[in-house]
Each structure stands twice: as structure tokens, then as C-alpha cells.
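Undergrad: The structure's right below; bear with me while I get my questions together.
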Amino acid sequence: MNAITPCLWFAGDLGDALEFYPTVFADFVVHSVNSGPAGEVYTAEFELNGQRLIALNHPSDFRFNESMSLMISCADQAEVDHYWDGLIQGGKPSQCGWLVDRFGLSWQVVPTRLHDLLNDPDPARAQAAMNSMLSMTRLDIATLEAAAASAG
């Protein structure tokens, strides 16, 4: 079976990204870096938490936008907070667990518990969790659970 590997186009700051992401992701591995004659990074292949990515580096009119994001499934609030706090440095928050990092790349930082709450067999509990999520920037598991419990 052929693997699908996302390819990200950085606008001249891939070298900075390769220095920044290991500060957020403990499981960060660089497989290869191709550099030009002046030492600037042209391409890189790396892994974030086991997800292989390829990156190009060239200033252009192409920019990352929210139509494509990378989702991090988090086991608990500590993981949500770790990734949120790390990736938001120099970036900006969005809604519903989304943020844009300093390179313009969109991330979804989502607790796995959210999936359980949104798939609750009681539609009122699921809707309450959804409404709570829609009001947040960083997702908070305790608040999501409290919203679902108040509907049940």
C-alpha cells in the first residue's frame, strides 16, 4: 500500500521550523535536509509524533491557510495544554481547538475525550458538548464534560 505523505510549502522559514518544532514535539525526527550552496534549507523530510512530512522551502505567493490543518489527538488536558502552549508561541488562537503557529500552519489540538462526548448516545448531551466546544479557543475537557453532564 502506498503511503500518503503531506508536503508543506514554507515561505523561506523552514530552517526556523526545524528548530522550533522539536521544542514542542518530543517525538521529532529529521530524516533528511537538503541545503543550497549558501546553507539555506531547500527541502526536509521529518516526523512529528510518528507522522512523516516533507517540506519545501521557497518564498512564494503560496501560503498556508485554515483549509488544511494538522490535528493532534491528545490523551488528556496536560497534553492539550502542552501542545497549545508550545505551538501558540508567535502564533494566534482560532476557535474550537484550532490555532495558527508562527509559520502560518493551522493545527487542531483536540482531546480524544471530545470524540466520546460528541458521540454520546444521548443527543442532548452530545449537543451540549458541541455547543461548549464552539464557544472555546483552547479546548478544556472539564468544561466539555460539565456541559454534557448538565444536559443529561
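Residues in the C-alpha cells are numbered from 1 in each chain, the chains being A, B, ... in the order shown, and ligands are numbered from 1 in the order shown.
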Once DSSP has gone over the backbone, tell me which residues of chain A are in alpha helix (DSSP H), as a ChimeraX atom specification.

TA: /A:14-24,77-87,112-118,123-134,141-151

Undergrad: So that I can see what lies close to Trp98 (chain A), please list as JSON, numbers by chain the residues with an atom at most 6 Å from it, counting only C-alpha atoms and leaving out residues fewer than 4 positions away in the same chain.

TA: {"A": [94, 107, 108]}

Undergrad: What would the file look like if the residues just selected were written as a PDB file, in the first residue's frame with C-alpha atoms?

TA:
ATOM      1  CA  SER A  94      -8.589  30.424  16.479  1.00  0.00           C
ATOM      2  CA  TRP A 107      -3.259  22.977  13.993  1.00  0.00           C
ATOM      3  CA  GLN A 108      -6.177  21.331  15.768  1.00  0.00           C
TER       4      GLN A 108
END

Undergrad: Just want the 8 Å neighbourhood of region 18-26 of chain A, counted on only C-alpha atoms, with same-chain residues fewer than 2 positions away dropped. Output as a list in words.

TA: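 Using only C-alpha atoms, the neighbours found are Leu14, Gly15, Asp16, Phe28, Leu48, Asn49, His82, Tyr83, Gly86 and Leu87 of chain A.
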
Undergrad: Skipping near chain neighbours, those fewer than 4 positions away, what residues fall within 7 Å of Ile88 (chain A) using only C-alpha atoms, listed as a list in words?

TA: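 In the requested form, the answer reads Trp84, Lys92, Pro93, Leu99 and Asp101 of chain A.
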
Undergrad: Can you write just those residues out, N, CA and C atoms, as a JSON list (two decimals), in the first residue's frame?

TA:
[["chain", "number", "residue", "atom", "x", "y", "z"],
["A", 84, "TRP", "N", -0.79, 23.18, 22.91],
["A", 84, "TRP", "CA", -1.33, 24.51, 22.71],
["A", 84, "TRP", "C", -0.30, 25.58, 23.08],
["A", 92, "LYS", "N", -1.31, 32.49, 16.65],
["A", 92, "LYS", "CA", -2.56, 33.09, 17.12],
["A", 92, "LYS", "C", -3.63, 32.02, 17.29],
["A", 93, "PRO", "N", -4.48, 32.20, 18.31],
["A", 93, "PRO", "CA", -5.56, 31.24, 18.54],
["A", 93, "PRO", "C", -6.67, 31.43, 17.52],
["A", 99, "LEU", "N", -5.48, 26.57, 16.16],
["A", 99, "LEU", "CA", -4.56, 27.70, 16.26],
["A", 99, "LEU", "C", -3.71, 27.75, 15.01],
["A", 101, "ASP", "N", 0.18, 28.54, 13.92],
["A", 101, "ASP", "CA", 1.51, 28.73, 14.52],
["A", 101, "ASP", "C", 2.25, 29.89, 13.84]]

Undergrad: Could you list, with a cut-off of 7 Å and counting only C-alpha atoms, the residues of region 126-147 of chain A near region 109-120 of chain A, each shown with its nearest atom pair and the distance in Å rounded to one decimal, rows sorted by chain and ascending number, as a tab-separated table?

TA:
residue	atom	partner	partner_atom	distance
A:Ala126	CA	A:Leu118	CA	4.6
A:Ala129	CA	A:Leu117	CA	6.2
A:Met130	CA	A:Leu118	CA	6.4
A:Leu139	CA	A:Val110	CA	6.9

Undergrad: Would you please give, as an NGL selection string, all residues of region 15-53 of chain A that DSSP assigns to strand (DSSP E or B) based on the backbone?

TA: :A and (28-35 or 41-48 or 51-53)

Undergrad: Calculated over only C-alpha atoms, which of the candidates A:Gly50, A:Ser67, A:Val41, A:Asn57 has the smallest distance to Cys7 (chain A)?

TA: A:Asn57

Undergrad: Using only C-alpha atoms, determine which residues lie at most 8 Å from Gln77 (chain A), disregarding the query and same-chain residues fewer than 3 positions distant; provide the list as a list in words.

TA: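 Returned residues: Cys74, Val80, Asp81, Pro111, Asp140 and Ile141 of chain A.
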
Undergrad: With C-alpha atoms retained, write the just-selected residues as a PDB file, in the first residue's frame.

TA:
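Final output, result.pdb:
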ATOM      1  CA  CYS A  74      -4.401  14.436  22.991  1.00  0.00           C
ATOM      2  CA  VAL A  80      -3.746  19.693  25.199  1.00  0.00           C
ATOM      3  CA  ASP A  81      -2.059  22.386  27.265  1.00  0.00           C
ATOM      4  CA  PRO A 111      -8.590  15.815  23.359  1.00  0.00           C
ATOM      5  CA  ASP A 140     -10.942  22.324  28.116  1.00  0.00           C
ATOM      6  CA  ILE A 141     -12.004  18.755  28.894  1.00  0.00           C
TER       7      ILE A 141
END

Undergrad: Which one of A:Ala55, A:Ile4, A:Cys96, A:Leu105 sits closest to Met68 (chain A) if you count only C-alpha atoms?

TA: A:Leu105

Undergrad: So which residues touch Gln95 (chain A) within 9 Å, counting only C-alpha atoms, skipping near sequence neighbours fewer than 4 positions away, as a list of chain:residue names?

TA: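 The neighbour list is A:Leu99, A:Met133, A:Leu134, A:Ser135, A:Met136, A:Thr137, A:Arg138, A:Leu139.
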
Undergrad: Nearest residue to Gly12 (chain A) out of A:Glu40, A:Glu47, A:Asp27, A:Glu79, using only C-alpha atoms?

TA: A:Glu40
